[in-house]
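What follows is a single structure, written as structure tokens, with notes after it.
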Amino acid sequence: MNNGNNNNSNLDAEDDDYIPYIPIKQRRLEKLHKYATQRRVTEQSDNNIDEDEDDIIVAGPKASVSLLDQTVQQKLANAIPEKTEEEKRIEEEKRIEEAQARHKALVSVQESAMGLKYMDPIKTSWKPPHYIRNLTEVDHQAVRDKYHILIEGEDPVPPIRHFQDMKLPEPILKYLKEKNIEKPSPIQIQGLPVALTGRDMIGIAFTGSGKTLTFSLPLVMFALEAEVRLPLSQGEGPIGMIICPSRELARQTFDGLNDMAHALTKGGDYPELRSLLCIGGINMRDQQDAFQKGIHMVVATPGRLMDLLNKKKFNLDNCKFLCMDEADRMIDMGFEEDVRNIMSYFKSQRQTLLFSATMPKKIQDFALSALVKPMVVNVGRAGAANLDVIQEVEYVKQDAKMVYLLECLQKTPPPVLVFAENKNDVDDIHEYFLLKGVETVAIHGGKTQEEREYAIQSFKDYKKDVLVATDVASKGLDFPEIKHVINFDMPKEIEDYVHRIGRTGRSGKTGVATTFINQHCSEQIRLDLKHLLREAKQRIPPFLAAMEDPSEKYGSLTGGCSFCGGLGHRINDCPKLEQQRKQQMNSMMSSSRDAGGGF
Ligand SMILES: Nc1ncnc2c1ncn2[C@@H]1O[C@H](COP(=O)(O)OP(=O)(O)OP(=O)(O)O)[C@@H](O)[C@H]1O
């Protein structure tokens, strides 16, 4: 990216190659502590302290340790009581988490370079009605308790149980009614007032629980307020932006925004609000009208957005609202660098909202330092599966999967969604179903945009009974009435599993999810799955029940791994963290090689 701040960009890039570095001072102290403990326990000489090649403390006889260090060692040996295994484990976990959290933030490069930190949230003119404001915090908490809403953050905004009390324009209330959205869902009860007041927010709630409306409606209100104050003209805008990890999800969110905007112009004396969809594979000329009159809202995928910003098709000078949907998935899918770069296009403070059904602590840490007085609104454990989904896990041998898949289609009436990890499998299943006379469509990254849109639309319109897809379709897509999700294979990450099965059991309806498992899936993911099933009070099949359980080793695994959210392990054993470290190490080694430097 060339944004006039190359140095900063380089700094930023370095941040992304970040290897959790433990400062020398800390390593030394840890080493000293280890040394002191060993001395007390074994009473051995200190010749055998050092095992690591890169230790800072010099290995060898005591004579080679400085007097100062010897004094510190002696003090530590006398002062620090020996820690239990549990204490050490907790300490180690904390250290890993802190190392991960450092240098990861959702701030623009300039802001971070200038040390700029916003202290107060963005101001909107929206306020809860006085009769809600007059209630006590105890009353508000009673509402939260009733709907199992957990919040964190200073000056909490009150929850509101009825759309009618949210000061929404009449046409919006009518629109919601027409869509059979009568009462706010728990995430909306708390999330809508938070977003409408302009507060930064992390919103976590089950798949299918109405998160999209929680951020889309405030954006429409924000854009409306801005337009009423000072109408946009050509080349201006956007006022706010939603970033989604996939094209399909972006389109769905875009359609929702447009529906609300049309409801406003159709049903009342409200100005026109224009939105722009920025995704790969569509022709921007088709949206020339929005460009010409000024754009209020943008819905985009990160890559395409970067492209358009680079080409100066529009700018974010007046953009004051940013929402990242499926924020954790976006970072996991490798868009972190893009997101950072996008941040550098903002010229002033914005309201930032992050939403997902799965939000491991690493992503919360990534964001929290950049959010201003944020409120975290949480309905259910982050990463927990939707309890309206009946989860069935079956052991199916690799070569029996295709035939058994056909049999599985009989479990429920259509529509059925089948997930497979790779494109070839999707194509094979698609072909097999067509041969068997099943009305099927398929989507994956190798299909053209037209093919993808045709598949989604014909499935949504009930013209096709089965959609076979890679994970593209798992994130946030809202297909009404899906009866059954079949996982032809288990995804590599438990969050993807939660998102996949969350395509059914939406807005309070029950659905079934069947997952094929065999020896091809890793032990780690099987353990995470076992814990997830247990948490959701689902049947655990014998081959998972028989697996050795690490919770026996550690006592309780409440909350699971704080890095990836998997329930079957702790951060110390996290395979994803390990993989990330390896990647970082590789990229550092290659950049070091490129620069002709040594390690
Ligand atoms: N308060 C409500 N009452 C009834 N239905 C609702 C309500 N809010 C949203 N819906 C409907 O529920 C469905 C799921 O909502 P949505 O797509 O926002 O879920 P989500 O939480 O974003 O799920 P995911 O995590 O999969 O993205 C949509 O069809 C939406 O129209």
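We name chains A, B, ... following the order of the structure tokens; residues begin at 1 in each chain, and ligands are numbered from 1 as shown.
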Open item on the list: Residues near region 536-540 of chain A, anyone? I mean within 9 Å using only C-alpha atoms, not counting same-chain ones fewer than 5 positions away, as a PyMOL selection string.
Closed with: chain A and resi 384-387+390-393+530-531+545
Open item on the list: as a ChimeraX atom specification, please: every residue in region 305-493 of chain A that DSSP puts in alpha helix (DSSP H).
Closed with: /A:305-310,327-330,336-343,361-368,401-408,423-435,449-460
- [ ] Could you report the residues within 8 Å of ligand 1, using only C-alpha atoms and all ligand atoms, as a PyMOL selection string?
- [x] chain A and resi 179-185+188+205-214+325-326+356-357+474-480+499+502-503+506-508
TODO: Extract, using only C-alpha atoms, all DNA, RNA and protein residues at most 9 Å from region 272-283 of chain A, discarding same-chain residues fewer than 4 positions from it, and format them as number ranges by chain.
DONE: A: 220, 223-224, 227, 238, 246-248, 250-251, 254, 257-258, 261-262, 264-265, 287, 289-291, 293-305, 308, 448-450
Requested write-out: C-alpha atoms of the selected residues, as a compact mmCIF listing (two decimals), in the first residue's frame:
```txt
# COMPACT_ATOMS: atom_id res chain seq x y z
CA VAL A 220 -28.91 3.10 8.83
CA ALA A 223 -26.46 7.53 7.96
CA LEU A 224 -29.94 9.00 8.25
CA GLU A 227 -27.96 12.99 5.74
CA PRO A 238 -19.37 6.78 2.98
CA SER A 246 -17.11 -13.40 2.19
CA ARG A 247 -18.82 -12.00 -0.87
CA GLU A 248 -22.03 -13.85 -0.18
CA ALA A 250 -21.50 -9.01 2.14
CA ARG A 251 -24.30 -9.22 -0.41
CA PHE A 254 -26.05 -5.13 1.69
CA LEU A 257 -29.37 -2.33 4.47
CA ASN A 258 -31.07 -1.50 1.18
CA ALA A 261 -33.29 2.31 3.36
CA HIS A 262 -36.14 1.64 0.91
CA LEU A 264 -37.64 4.64 4.98
CA THR A 265 -38.17 6.39 1.65
CA GLN A 287 -23.49 1.13 -9.00
CA ASP A 289 -25.77 6.03 -9.42
CA ALA A 290 -24.57 5.71 -5.83
CA PHE A 291 -21.16 7.09 -6.80
CA LYS A 293 -24.98 11.08 -5.71
CA GLY A 294 -22.69 10.25 -2.79
CA ILE A 295 -22.57 7.05 -0.78
CA HIS A 296 -23.90 6.68 2.73
CA MET A 297 -23.05 3.06 3.45
CA VAL A 298 -20.50 0.59 2.12
CA VAL A 299 -20.55 -3.16 2.56
CA ALA A 300 -17.30 -4.75 1.50
CA THR A 301 -14.94 -7.66 1.63
CA PRO A 302 -11.44 -6.60 2.77
CA GLY A 303 -9.48 -7.33 -0.41
CA ARG A 304 -11.85 -5.50 -2.74
CA LEU A 305 -12.14 -2.61 -0.34
CA LEU A 308 -10.90 0.50 -4.32
CA THR A 448 -17.33 -17.62 -11.01
CA GLN A 449 -19.31 -14.90 -9.28
CA GLU A 450 -22.33 -15.64 -11.51
```
Open item on the list: If we count only C-alpha atoms and set the cut-off at 10 Å, which residues sit around Lys509 (chain A), ignoring sequence neighbours fewer than 6 positions away in its own chain? Please answer as a PyMOL selection string.
Closed with: chain A and resi 208+388-389+480-483
Task: Shortest interatomic distance to Gln252 (chain A) - which of A:Asp425, A:Leu309, A:Ser216, A:Pro193, counting only C-alpha atoms - done: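 Looking only at the distances to Gln252 (chain A), the closest residue turns out to be A:Ser216.
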Open item on the list: as a count of residues only, please: every residue in region 233-366 of chain A that DSSP puts in strand (DSSP E).
Closed with: 23
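Residues in contact range of Lys460 (chain A), defined as at most 12 Å between only C-alpha atoms, with sequence neighbours fewer than 2 positions away removed, read Gln252, Pro414, Pro415, Val416, Leu417, Val441, Glu453, Tyr454, Ala455, Ile456, Gln457, Ser458, Tyr462, Lys463, Lys464, Asp465, Val466, Leu467, Leu477, Asp478, Phe479, Pro480, Glu481 and Ile482 of chain A.
Closest approach to Leu409 (chain A) from the set A:Arg89, A:Lys436, A:Lys167, A:Arg526 is made by A:Lys436, with distances taken over only C-alpha atoms.
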TODO: Between A:Ala442, A:Ile363, A:Leu219, A:Met343, single out the one closest to Lys423 (chain A), counting only C-alpha atoms.
DONE: A:Ala442
Shell around Thr514 (chain A) at 8 Å using only C-alpha atoms, local window under 2 positions removed, as a tab-separated table (two decimals) with N, CA and C atoms, in the first residue's frame:
```
chain	number	residue	atom	x	y	z
A	391	GLN	N	-27.00	-32.03	17.43
A	391	GLN	CA	-25.73	-32.40	16.79
A	391	GLN	C	-25.54	-33.91	16.81
A	392	GLU	N	-25.40	-34.49	15.63
A	392	GLU	CA	-25.14	-35.93	15.56
A	392	GLU	C	-23.78	-36.15	14.91
A	393	VAL	N	-22.93	-36.88	15.59
A	393	VAL	CA	-21.59	-37.12	15.06
A	393	VAL	C	-21.46	-38.61	14.77
A	394	GLU	N	-21.05	-38.95	13.55
A	394	GLU	CA	-21.00	-40.38	13.19
A	394	GLU	C	-19.64	-40.74	12.63
A	484	HIS	N	-31.27	-29.28	7.76
A	484	HIS	CA	-30.20	-30.21	8.07
A	484	HIS	C	-28.87	-29.72	7.49
A	485	VAL	N	-27.85	-29.70	8.33
A	485	VAL	CA	-26.51	-29.39	7.83
A	485	VAL	C	-25.70	-30.68	7.94
A	486	ILE	N	-25.06	-31.08	6.84
A	486	ILE	CA	-24.22	-32.28	6.92
A	486	ILE	C	-22.76	-31.87	6.70
A	487	ASN	N	-21.93	-32.23	7.63
A	487	ASN	CA	-20.49	-32.00	7.46
A	487	ASN	C	-19.87	-33.25	6.87
A	512	VAL	N	-31.02	-29.95	12.51
A	512	VAL	CA	-30.17	-31.11	12.78
A	512	VAL	C	-28.83	-30.89	12.08
A	516	PHE	N	-19.56	-36.19	9.79
A	516	PHE	CA	-18.80	-37.43	9.57
A	516	PHE	C	-17.39	-37.25	10.15
```
